[in-house]
Structure formats: C-alpha cells, structure tokens
Amino acid sequence: MIQAISQLGASCLANVAALGRASMMLAQALWFIPTRKLLRDIVRQLYVVGVLSLPIILVSGLFIGMVIAFQGYSILVDFGAETSLGPMVALSLLRELGPVVTALLFAGRAGSALTAEIGLMKTTEQLSSMEMMAVDPLRRVIAPRFWAGVIAMPLLASMFNLVGIWGGFLVGVEWLGVDDGSFWSIMGASIEFGQDIGNGLIKSVVFALAVTWVALFNGYDARPSARGISQATTRSVVYASLLVLGLDFILTALMFGS
Amino acid sequence: MKVNKLELTVGGFVLLGLAALLVLSLKIADSQFSGDGPSYTLYARFDNIGGLKPRSPVKVGGVVVGRVEKIELDSDDFVPVVTLKMFERYGYFPETSSASILTAGLLGEQYIGLNPGFIMEDIESLEAGATIEDTKSALVLEELIGKVLFSLTEK
C-alpha cells in the first residue's frame, strides 16, 4: 500500500521534472537575439518540415473535403438544404478539421522525424561534441527546428483548408449537382474572417507550438540508446496527438463556447 | 546569380501558404476585410427580441442595410434595447419607419426588417443616436398558440 503511494509520488515527480526540463530547454533555446545564421537554418528546416510535408497534407485535405461533402450531402438532402453544403464543408474545415488534422499529420510526418533526428544526434554524442566546441546545441539545433515548425504549420493548415474546400466543391457541385452559385455565395455569407479563419489560424499556431515542443523535447531527452530513440519517437507522436486533441477542446470551448 | 534550389522551394512554399490564406480570406470569406464602410447608430426598443443576436442583419426589402451591434436590457423599465449599426451609404431613413423582428424562412435566423416610412416635408429623418419608435416584437410560438387557444375557447 505504502509502496503504491510512493510509486505514485515518484511518477508525479518525474513528470513534473520532465515538464521543468522541457520548459528550461525551450527557454534556453529561444532566449537570444536572432542571427543571420539562425535565419539560414530556419530556411533549411522549413524545407524539411514544411515542403516535404506538403504532399501528405494536400492529398489528405482533398480527400477529407470530398468525404465531408459526401456525408453532408446525404444528410442535408433529406431536409432539402443541400445548398448549405458549402458552409458546412468550409466551416468544419476552417474551424476544426483543418488545424487538427494538419497538426496530427504534422506530428506523424515531421514531429517523429525531428524526435528521431535529435535523439540520434544525442546518442551518437553529436550534441555533446557541439558543446565541446563551444557551440550551443540548443541554439544551433533546437531553435531553428522549433521556429520552422511554428512557421510551417499555419501555412500547411491554410493549404489544407483550401484544398479541402476545393475537394468539397468537386464532389458537391461537379458530381452531386449542388448549385454552383449558391455553394459559393452561401459559404461566403456564413464565414467570418475573424471568427472562423482567424480562430482557425490561432488554433494551428497553438498546435504548432505544442507539437514541435513535444517532438523536440522528446528527442533531446531521449535515453541514448536504440531502444531509447524508438520509445522517444513513439512518445512524441502519442503525446503530441493527445495534446492537440485536448488543446483543441479547450480552445474550441474558449472561442466558440459563448 | 546562382539560385539556391533549397531556398527557392522554401520561398515557394511560404508564398503558396500565404496565397492559400489570402484566397481563403478574400474569396471564401467574401472579403469582409473591406468592412461595411462608415456607419451610424440607431436604437430600437422591442417588447420581445426572440432569437435576435448581435451581428444579425437589418434588412430593407431583403437588402442588408445594417447590423445588430448589441442587445441590452433597459434597467429602468426592463425592455430590451437593440443597438443597430446602420451603413451610411444607404442614407438616413424617415422618422416614421417601423422595425419588426422577422424570421428568414421557416427555421432560419432572425433579422430586423426595417420598413421605411413616407418621406414628407415635415417628417424628419432618423439621425445618428435616434430611437425607432414603431417596433413589432418577434413572434413567439407559445404566445401564438396561446392566443389561438384563447380565441377558440371564447366561441
């Protein structure tokens, strides 16, 4: 009994300590004046996490938009309200699916790669050798990857939304025969810039911070062994996904609750 | 000048993302960037506002001429006061105009229908800050049913 309680205490302490280490890592990595070198590194990382994530984001956006249009049509047509397909597709993408699915895909596609990369750097003692050469690995390795993730995610989410709406248009208008004009005009009338697009962007920035932070910390904190890296990669994807879904609920309650 | 291929693709990526955002906000959201132009404020007092919400439209013959800015309760006589933001480009309406709360379609959202009165020489127009006197409340289904039942039992 007493052992169980002390185990609980130990795991709590370990979690709080990890949170503290993660905050310290982030603070140290970001708290300095940006240099030209940092900008160049960010561009390189933007290629890795942004450009290379583009195919999966665009393809899944297209299919998700098409599927929403299908499902929405089959329900809306019962009420004779199939012209509301446009706002339905656009609102569900802009408010929820765009930021959330992009963040989940990003965690799987780019976050896991970041964790594995940094974990391997640590295992092969590249990070400590950088320290030996008086190069701060936090600034040189962590900071550009963090900023690149934060910049890339809102851009990816916007492209996801646009391609998804186009997919919904393809299925709804071209295939199922919803009226072209009312699809766009009702969509335009029911979407507000601040409420829908702005809040979606805020969501995706928050998710970007969460996903890249989790991915980088898990890599940086990985046990330096093959097994340690594999555990860290798994943990990175699982924690990032759960964090995104949890944060999404909180943000949605704050933004659209009242 | 030698072009770095990596930088080129990243630049293209960022431009593509910003372009997507621009298209979303301009085309999809129907360019509400431009706003509604200059506006002035009117007040209207209703007995019952039904399901009216802030940002509900104010329409004259189906044309949106303003929006509901906020809805408050007058603490003196407990009557809802609706603040309307009217677009200046449609000009000012005569004092005899009446406002009623209507519903778009059977189940649609509620809006304020403004019925402009006659324009005559001795009738002034509703200036900024004026209150619309002639108002009709929203129809509440329960009250309607109650009236029908009452009139049926009268006979």
# chains A, B, ... in the order shown; residues from 1 in each chain; ligands from 1
>>> residues_around(residues="Gly65 in chain A", least_positions_apart="3", cutoff="10 Å", atoms="only C-alpha atoms", output="JSON, numbers by chain")
{"A": [60, 61, 62, 68, 69, 70, 89, 90, 92, 93, 97, 98, 160, 161, 162, 163, 164, 165, 166, 167, 168, 169, 170, 171, 172]}
>>> write_last_selection(atoms="C-alpha atoms", output="compact mmCIF listing (two decimals), in the first residue's frame")
# COMPACT_ATOMS: atom_id res chain seq x y z
CA SER A 60 -5.41 14.24 -47.15
CA GLY A 61 -7.01 17.69 -47.37
CA LEU A 62 -8.51 16.86 -50.73
CA ILE A 68 -17.35 15.73 -45.80
CA ALA A 69 -19.17 16.81 -48.95
CA PHE A 70 -20.47 13.26 -49.48
CA VAL A 89 -17.69 21.91 -45.68
CA ALA A 90 -15.94 25.24 -45.21
CA SER A 92 -15.91 22.22 -40.48
CA LEU A 93 -12.59 22.53 -42.29
CA LEU A 97 -10.54 19.66 -39.24
CA GLY A 98 -8.01 21.94 -40.91
CA PHE A 160 -5.17 22.01 -46.26
CA ASN A 161 -8.32 24.12 -45.85
CA LEU A 162 -8.19 25.48 -49.38
CA VAL A 163 -7.63 22.08 -50.98
CA GLY A 164 -10.34 20.58 -48.75
CA ILE A 165 -12.89 23.20 -49.80
CA TRP A 166 -11.95 22.57 -53.40
CA GLY A 167 -12.47 18.83 -52.83
CA GLY A 168 -15.87 19.55 -51.32
CA PHE A 169 -16.68 21.69 -54.35
CA LEU A 170 -15.63 18.88 -56.73
CA VAL A 171 -17.88 16.32 -55.06
CA GLY A 172 -20.76 18.62 -54.16
>>> residues_around(residues="Leu73 in chain B", least_positions_apart="5", cutoff="12 Å", atoms="only C-alpha atoms", output="PDB file with C-alpha atoms, in the first residue's frame")
ATOM      1  CA  ALA B  44     -34.852  50.309 -31.151  1.00  0.00           C
ATOM      2  CA  ARG B  45     -36.894  49.085 -28.207  1.00  0.00           C
ATOM      3  CA  PHE B  46     -38.778  45.836 -28.549  1.00  0.00           C
ATOM      4  CA  ASP B  47     -41.067  44.021 -26.146  1.00  0.00           C
ATOM      5  CA  ASN B  48     -39.504  40.708 -27.114  1.00  0.00           C
ATOM      6  CA  ILE B  49     -36.445  40.139 -29.254  1.00  0.00           C
ATOM      7  CA  PHE B  78     -36.974  46.164 -18.242  1.00  0.00           C
ATOM      8  CA  VAL B  79     -37.409  46.444 -22.004  1.00  0.00           C
ATOM      9  CA  PRO B  80     -34.754  45.106 -24.414  1.00  0.00           C
ATOM     10  CA  VAL B  81     -32.884  47.854 -26.233  1.00  0.00           C
ATOM     11  CA  VAL B  82     -31.229  46.862 -29.507  1.00  0.00           C
ATOM     12  CA  THR B  83     -28.333  48.953 -30.799  1.00  0.00           C
TER      13      THR B  83
END
>>> interface_residues(of="chain A", to="chain B", cutoff="7 Å", atoms="only C-alpha atoms", output="PyMOL selection string")
chain A and resi 43+46-47+51+155-156+158-159+162+187-189+191-193
>>> write_last_selection(atoms="N, CA and C atoms", output="compact mmCIF listing (two decimals), in the first residue's frame")
# COMPACT_ATOMS: atom_id res chain seq x y z
N VAL A 43 15.42 28.37 -42.70
CA VAL A 43 15.02 28.09 -44.08
C VAL A 43 15.26 26.62 -44.41
N LEU A 46 12.69 24.61 -42.66
CA LEU A 46 11.38 24.80 -43.29
C LEU A 46 11.23 23.85 -44.47
N TYR A 47 12.31 23.63 -45.19
CA TYR A 47 12.25 22.68 -46.30
C TYR A 47 11.91 21.29 -45.77
N VAL A 51 8.07 21.85 -46.69
CA VAL A 51 7.91 21.46 -48.10
C VAL A 51 7.71 19.96 -48.22
N LEU A 155 0.77 27.68 -42.30
CA LEU A 155 0.76 27.70 -43.77
C LEU A 155 0.20 26.39 -44.29
N LEU A 156 0.66 25.28 -43.71
CA LEU A 156 0.16 23.98 -44.15
C LEU A 156 -1.34 23.88 -43.90
N SER A 158 -3.52 26.29 -43.82
CA SER A 158 -4.27 27.09 -44.80
C SER A 158 -4.40 26.34 -46.12
N MET A 159 -3.29 25.71 -46.56
CA MET A 159 -3.36 24.98 -47.82
C MET A 159 -4.31 23.79 -47.69
N LEU A 162 -7.84 25.07 -48.01
CA LEU A 162 -8.19 25.48 -49.38
C LEU A 162 -8.41 24.25 -50.25
N MET A 187 -21.66 30.04 -48.74
CA MET A 187 -20.40 29.85 -48.00
C MET A 187 -19.80 31.21 -47.63
N GLY A 188 -19.75 32.10 -48.61
CA GLY A 188 -19.17 33.42 -48.35
C GLY A 188 -19.94 34.19 -47.30
N ALA A 189 -21.28 34.05 -47.34
CA ALA A 189 -22.10 34.83 -46.41
C ALA A 189 -21.96 34.31 -44.98
N ILE A 191 -19.30 32.72 -43.53
CA ILE A 191 -17.98 32.63 -42.92
C ILE A 191 -17.48 34.03 -42.60
N GLU A 192 -17.00 34.18 -41.39
CA GLU A 192 -16.46 35.46 -40.98
C GLU A 192 -14.96 35.36 -40.88
N PHE A 193 -14.28 36.46 -41.23
CA PHE A 193 -12.82 36.38 -41.23
C PHE A 193 -12.27 36.12 -39.83
>>> residues_around(residues="Phe183 in chain A", least_positions_apart="4", cutoff="8 Å", atoms="only C-alpha atoms", output="ChimeraX atom specification")
/A:83-87,169,173,178-179,187
>>> write_last_selection(atoms="N, CA and C atoms", output="PDB file, in the first residue's frame")
ATOM      1  N   THR A  83     -28.079  23.138 -50.467  1.00  0.00           N
ATOM      2  CA  THR A  83     -27.296  24.330 -50.808  1.00  0.00           C
ATOM      3  C   THR A  83     -26.420  24.771 -49.638  1.00  0.00           C
ATOM      4  N   SER A  84     -26.734  24.284 -48.428  1.00  0.00           N
ATOM      5  CA  SER A  84     -25.902  24.622 -47.271  1.00  0.00           C
ATOM      6  C   SER A  84     -24.648  23.762 -47.198  1.00  0.00           C
ATOM      7  N   LEU A  85     -24.417  22.964 -48.257  1.00  0.00           N
ATOM      8  CA  LEU A  85     -23.228  22.114 -48.256  1.00  0.00           C
ATOM      9  C   LEU A  85     -21.951  22.943 -48.187  1.00  0.00           C
ATOM     10  N   GLY A  86     -21.948  24.081 -48.926  1.00  0.00           N
ATOM     11  CA  GLY A  86     -20.748  24.928 -48.962  1.00  0.00           C
ATOM     12  C   GLY A  86     -20.317  25.359 -47.572  1.00  0.00           C
ATOM     13  N   PRO A  87     -21.196  26.089 -46.823  1.00  0.00           N
ATOM     14  CA  PRO A  87     -20.788  26.489 -45.473  1.00  0.00           C
ATOM     15  C   PRO A  87     -20.453  25.310 -44.578  1.00  0.00           C
ATOM     16  N   PHE A 169     -16.058  21.105 -53.164  1.00  0.00           N
ATOM     17  CA  PHE A 169     -16.678  21.686 -54.352  1.00  0.00           C
ATOM     18  C   PHE A 169     -16.756  20.643 -55.473  1.00  0.00           C
ATOM     19  N   VAL A 173     -20.536  20.002 -56.133  1.00  0.00           N
ATOM     20  CA  VAL A 173     -21.064  20.713 -57.294  1.00  0.00           C
ATOM     21  C   VAL A 173     -20.892  19.901 -58.571  1.00  0.00           C
ATOM     22  N   VAL A 178     -24.999  20.062 -56.733  1.00  0.00           N
ATOM     23  CA  VAL A 178     -25.441  21.221 -55.966  1.00  0.00           C
ATOM     24  C   VAL A 178     -25.213  22.470 -56.822  1.00  0.00           C
ATOM     25  N   ASP A 179     -26.089  23.466 -56.657  1.00  0.00           N
ATOM     26  CA  ASP A 179     -25.964  24.659 -57.490  1.00  0.00           C
ATOM     27  C   ASP A 179     -24.658  25.387 -57.197  1.00  0.00           C
ATOM     28  N   MET A 187     -21.655  30.044 -48.741  1.00  0.00           N
ATOM     29  CA  MET A 187     -20.400  29.853 -47.998  1.00  0.00           C
ATOM     30  C   MET A 187     -19.799  31.210 -47.630  1.00  0.00           C
TER      31      MET A 187
END
>>> residues_around(residues="range 208-222 of chain A", least_positions_apart="6", cutoff="8 Å", atoms="only C-alpha atoms", output="ChimeraX atom specification")
/A:22,25-26,103,106-107,111-112,114-120,122,142,145-146,149-150,153-154,228-229,231-233,235-237,239-241,243-244
>>> atom_distance(atom1="CA of Phe118 in chain B", atom2="CA of Tyr92 in chain B")
12.5 Å
>>> select_by_dssp(residues="range 12-116 of chain B", states="helix (DSSP H, G or I)", output="PyMOL selection string")
chain B and resi 12-28+32-34+88-90
>>> residues_around(residues="range 131-139 of chain A", least_positions_apart="3", cutoff="9 Å", atoms="only C-alpha atoms", output="list in words")
Met25, Leu26, Gln28, Ala29, Leu30, Trp31, Phe32, Leu38, Gln126, Leu127, Ser128, Ile142, Ala143 and Pro144 of chain A
>>> write_last_selection(atoms="C-alpha atoms", output="PDB file, in the first residue's frame")
ATOM      1  CA  MET A  25      15.096  23.651 -22.869  1.00  0.00           C
ATOM      2  CA  LEU A  26      12.602  25.864 -24.692  1.00  0.00           C
ATOM      3  CA  GLN A  28      17.259  28.455 -23.330  1.00  0.00           C
ATOM      4  CA  ALA A  29      16.748  27.631 -26.994  1.00  0.00           C
ATOM      5  CA  LEU A  30      14.655  30.697 -27.745  1.00  0.00           C
ATOM      6  CA  TRP A  31      16.023  33.357 -25.389  1.00  0.00           C
ATOM      7  CA  PHE A  32      18.646  35.006 -27.535  1.00  0.00           C
ATOM      8  CA  LEU A  38      19.600  31.222 -37.410  1.00  0.00           C
ATOM      9  CA  GLN A 126      26.939  14.943 -31.635  1.00  0.00           C
ATOM     10  CA  LEU A 127      25.221  17.236 -29.178  1.00  0.00           C
ATOM     11  CA  SER A 128      27.955  16.865 -26.560  1.00  0.00           C
ATOM     12  CA  ILE A 142      16.629  23.145 -31.332  1.00  0.00           C
ATOM     13  CA  ALA A 143      15.850  26.789 -32.110  1.00  0.00           C
ATOM     14  CA  PRO A 144      15.734  26.630 -35.944  1.00  0.00           C
TER      15      PRO A 144
END
>>> closest_residue(among="A:Ile5, A:Ala113, A:Leu91, A:Ala27", to="Ser230 in chain A", atoms="only C-alpha atoms")
A:Ala113
>>> residues_around(residues="Tyr90 in chain B", least_positions_apart="2", cutoff="10 Å", atoms="only C-alpha atoms", output="mmCIF file with N, CA and C atoms, in the first residue's frame")
data_model
loop_
_atom_site.group_PDB
_atom_site.id
_atom_site.type_symbol
_atom_site.label_atom_id
_atom_site.label_comp_id
_atom_site.auth_asym_id
_atom_site.auth_seq_id
_atom_site.Cartn_x
_atom_site.Cartn_y
_atom_site.Cartn_z
ATOM 1 N N SER B 39 -20.617 54.160 -40.658
ATOM 2 C CA SER B 39 -21.933 53.766 -40.164
ATOM 3 C C SER B 39 -22.367 54.718 -39.061
ATOM 4 N N VAL B 64 -29.324 44.094 -47.031
ATOM 5 C CA VAL B 64 -28.742 44.334 -45.714
ATOM 6 C C VAL B 64 -28.289 45.789 -45.621
ATOM 7 N N VAL B 65 -28.889 46.551 -44.702
ATOM 8 C CA VAL B 65 -28.528 47.966 -44.572
ATOM 9 C C VAL B 65 -27.860 48.240 -43.232
ATOM 10 N N GLY B 66 -27.691 47.213 -42.416
ATOM 11 C CA GLY B 66 -27.047 47.420 -41.123
ATOM 12 C C GLY B 66 -26.975 46.117 -40.351
ATOM 13 N N MET B 86 -26.015 51.131 -38.568
ATOM 14 C CA MET B 86 -26.569 51.313 -39.918
ATOM 15 C C MET B 86 -25.489 51.832 -40.852
ATOM 16 N N PHE B 87 -25.444 51.279 -42.086
ATOM 17 C CA PHE B 87 -24.431 51.719 -43.046
ATOM 18 C C PHE B 87 -24.817 53.081 -43.610
ATOM 19 N N GLU B 88 -23.835 53.967 -43.626
ATOM 20 C CA GLU B 88 -24.129 55.330 -44.047
ATOM 21 C C GLU B 88 -24.432 55.421 -45.542
ATOM 22 N N TYR B 92 -30.152 58.036 -44.639
ATOM 23 C CA TYR B 92 -30.926 58.045 -43.395
ATOM 24 C C TYR B 92 -32.396 57.766 -43.706
ATOM 25 N N PHE B 93 -33.044 57.094 -42.791
ATOM 26 C CA PHE B 93 -34.431 56.700 -43.021
ATOM 27 C C PHE B 93 -35.360 57.681 -42.320
#
>>> decode(residues="range 13-58 of chain A", atoms="N, CA and C atoms", output="tab-separated table (two decimals), in the first residue's frame")
chain	number	residue	atom	x	y	z
A	13	LEU	N	6.50	13.18	-9.54
A	13	LEU	CA	7.73	13.97	-9.50
A	13	LEU	C	8.47	13.89	-10.84
A	14	ALA	N	8.53	12.66	-11.40
A	14	ALA	CA	9.24	12.50	-12.67
A	14	ALA	C	8.58	13.34	-13.76
A	15	ASN	N	7.22	13.32	-13.77
A	15	ASN	CA	6.52	14.09	-14.81
A	15	ASN	C	6.75	15.58	-14.65
A	16	VAL	N	6.67	16.05	-13.40
A	16	VAL	CA	6.87	17.48	-13.17
A	16	VAL	C	8.30	17.87	-13.55
A	17	ALA	N	9.26	16.98	-13.20
A	17	ALA	CA	10.65	17.27	-13.53
A	17	ALA	C	10.84	17.33	-15.04
A	18	ALA	N	10.17	16.42	-15.78
A	18	ALA	CA	10.28	16.44	-17.24
A	18	ALA	C	9.70	17.73	-17.80
A	19	LEU	N	8.56	18.14	-17.24
A	19	LEU	CA	7.95	19.40	-17.69
A	19	LEU	C	8.90	20.57	-17.45
A	20	GLY	N	9.55	20.54	-16.28
A	20	GLY	CA	10.51	21.59	-15.97
A	20	GLY	C	11.68	21.58	-16.94
A	21	ARG	N	12.22	20.37	-17.22
A	21	ARG	CA	13.34	20.29	-18.17
A	21	ARG	C	12.91	20.79	-19.54
A	22	ALA	N	11.67	20.42	-19.95
A	22	ALA	CA	11.18	20.85	-21.26
A	22	ALA	C	11.08	22.37	-21.32
A	23	SER	N	10.57	22.99	-20.24
A	23	SER	CA	10.45	24.45	-20.24
A	23	SER	C	11.82	25.10	-20.28
A	24	MET	N	12.76	24.53	-19.50
A	24	MET	CA	14.11	25.08	-19.50
A	24	MET	C	14.73	25.00	-20.89
A	25	MET	N	14.53	23.83	-21.53
A	25	MET	CA	15.10	23.65	-22.87
A	25	MET	C	14.56	24.72	-23.82
A	26	LEU	N	13.21	24.91	-23.78
A	26	LEU	CA	12.60	25.86	-24.69
A	26	LEU	C	13.09	27.28	-24.39
A	27	ALA	N	13.12	27.61	-23.10
A	27	ALA	CA	13.54	28.97	-22.73
A	27	ALA	C	14.97	29.22	-23.19
A	28	GLN	N	15.86	28.26	-22.94
A	28	GLN	CA	17.26	28.45	-23.33
A	28	GLN	C	17.42	28.50	-24.84
A	29	ALA	N	16.59	27.68	-25.54
A	29	ALA	CA	16.75	27.63	-26.99
A	29	ALA	C	16.26	28.92	-27.65
A	30	LEU	N	15.27	29.57	-27.05
A	30	LEU	CA	14.65	30.70	-27.74
A	30	LEU	C	15.11	32.05	-27.22
A	31	TRP	N	15.72	32.08	-26.02
A	31	TRP	CA	16.02	33.36	-25.39
A	31	TRP	C	17.37	33.89	-25.85
A	32	PHE	N	17.43	34.33	-27.09
A	32	PHE	CA	18.65	35.01	-27.53
A	32	PHE	C	18.29	35.80	-28.77
A	33	ILE	N	19.19	36.74	-29.13
A	33	ILE	CA	18.90	37.61	-30.27
A	33	ILE	C	19.14	36.82	-31.55
A	34	PRO	N	18.18	36.80	-32.47
A	34	PRO	CA	18.34	36.01	-33.69
A	34	PRO	C	19.48	36.54	-34.56
A	35	THR	N	20.19	35.63	-35.16
A	35	THR	CA	21.30	36.00	-36.03
A	35	THR	C	20.96	35.61	-37.46
A	36	ARG	N	21.82	36.02	-38.39
A	36	ARG	CA	21.62	35.62	-39.79
A	36	ARG	C	21.71	34.11	-39.96
A	37	LYS	N	22.59	33.53	-39.17
A	37	LYS	CA	22.80	32.10	-39.26
A	37	LYS	C	21.52	31.35	-38.89
A	38	LEU	N	20.84	31.86	-37.84
A	38	LEU	CA	19.60	31.22	-37.41
A	38	LEU	C	18.58	31.25	-38.55
A	39	LEU	N	18.50	32.39	-39.23
A	39	LEU	CA	17.55	32.51	-40.33
A	39	LEU	C	17.84	31.48	-41.42
A	40	ARG	N	19.15	31.32	-41.72
A	40	ARG	CA	19.51	30.34	-42.75
A	40	ARG	C	19.14	28.93	-42.33
A	41	ASP	N	19.36	28.64	-41.04
A	41	ASP	CA	18.99	27.31	-40.54
A	41	ASP	C	17.49	27.11	-40.57
A	42	ILE	N	16.73	28.18	-40.26
A	42	ILE	CA	15.28	28.05	-40.28
A	42	ILE	C	14.80	27.72	-41.69
A	43	VAL	N	15.42	28.37	-42.70
A	43	VAL	CA	15.02	28.09	-44.08
A	43	VAL	C	15.26	26.62	-44.41
A	44	ARG	N	16.42	26.10	-43.99
A	44	ARG	CA	16.73	24.69	-44.27
A	44	ARG	C	15.71	23.77	-43.59
A	45	GLN	N	15.37	24.09	-42.33
A	45	GLN	CA	14.41	23.26	-41.61
A	45	GLN	C	13.00	23.40	-42.16
A	46	LEU	N	12.69	24.61	-42.66
A	46	LEU	CA	11.38	24.80	-43.29
A	46	LEU	C	11.23	23.85	-44.47
A	47	TYR	N	12.31	23.63	-45.19
A	47	TYR	CA	12.25	22.68	-46.30
A	47	TYR	C	11.91	21.29	-45.77
A	48	VAL	N	12.58	20.90	-44.67
A	48	VAL	CA	12.39	19.54	-44.16
A	48	VAL	C	10.99	19.35	-43.59
A	49	VAL	N	10.57	20.27	-42.71
A	49	VAL	CA	9.27	20.05	-42.06
A	49	VAL	C	8.11	20.60	-42.88
A	50	GLY	N	8.36	21.61	-43.72
A	50	GLY	CA	7.26	22.21	-44.46
A	50	GLY	C	7.07	21.64	-45.85
A	51	VAL	N	8.07	21.85	-46.69
A	51	VAL	CA	7.91	21.46	-48.10
A	51	VAL	C	7.71	19.96	-48.22
A	52	LEU	N	8.47	19.19	-47.44
A	52	LEU	CA	8.36	17.74	-47.57
A	52	LEU	C	7.06	17.21	-46.98
A	53	SER	N	6.39	18.00	-46.11
A	53	SER	CA	5.09	17.57	-45.59
A	53	SER	C	3.95	17.90	-46.54
A	54	LEU	N	4.26	18.69	-47.58
A	54	LEU	CA	3.22	19.20	-48.46
A	54	LEU	C	2.38	18.10	-49.11
A	55	PRO	N	3.00	17.06	-49.71
A	55	PRO	CA	2.17	16.06	-50.40
A	55	PRO	C	1.12	15.41	-49.50
A	56	ILE	N	1.53	14.98	-48.31
A	56	ILE	CA	0.57	14.27	-47.46
A	56	ILE	C	-0.53	15.22	-47.01
A	57	ILE	N	-0.17	16.50	-46.74
A	57	ILE	CA	-1.18	17.46	-46.30
A	57	ILE	C	-2.19	17.72	-47.42
A	58	LEU	N	-1.68	17.94	-48.64
A	58	LEU	CA	-2.59	18.28	-49.73
A	58	LEU	C	-3.49	17.11	-50.07
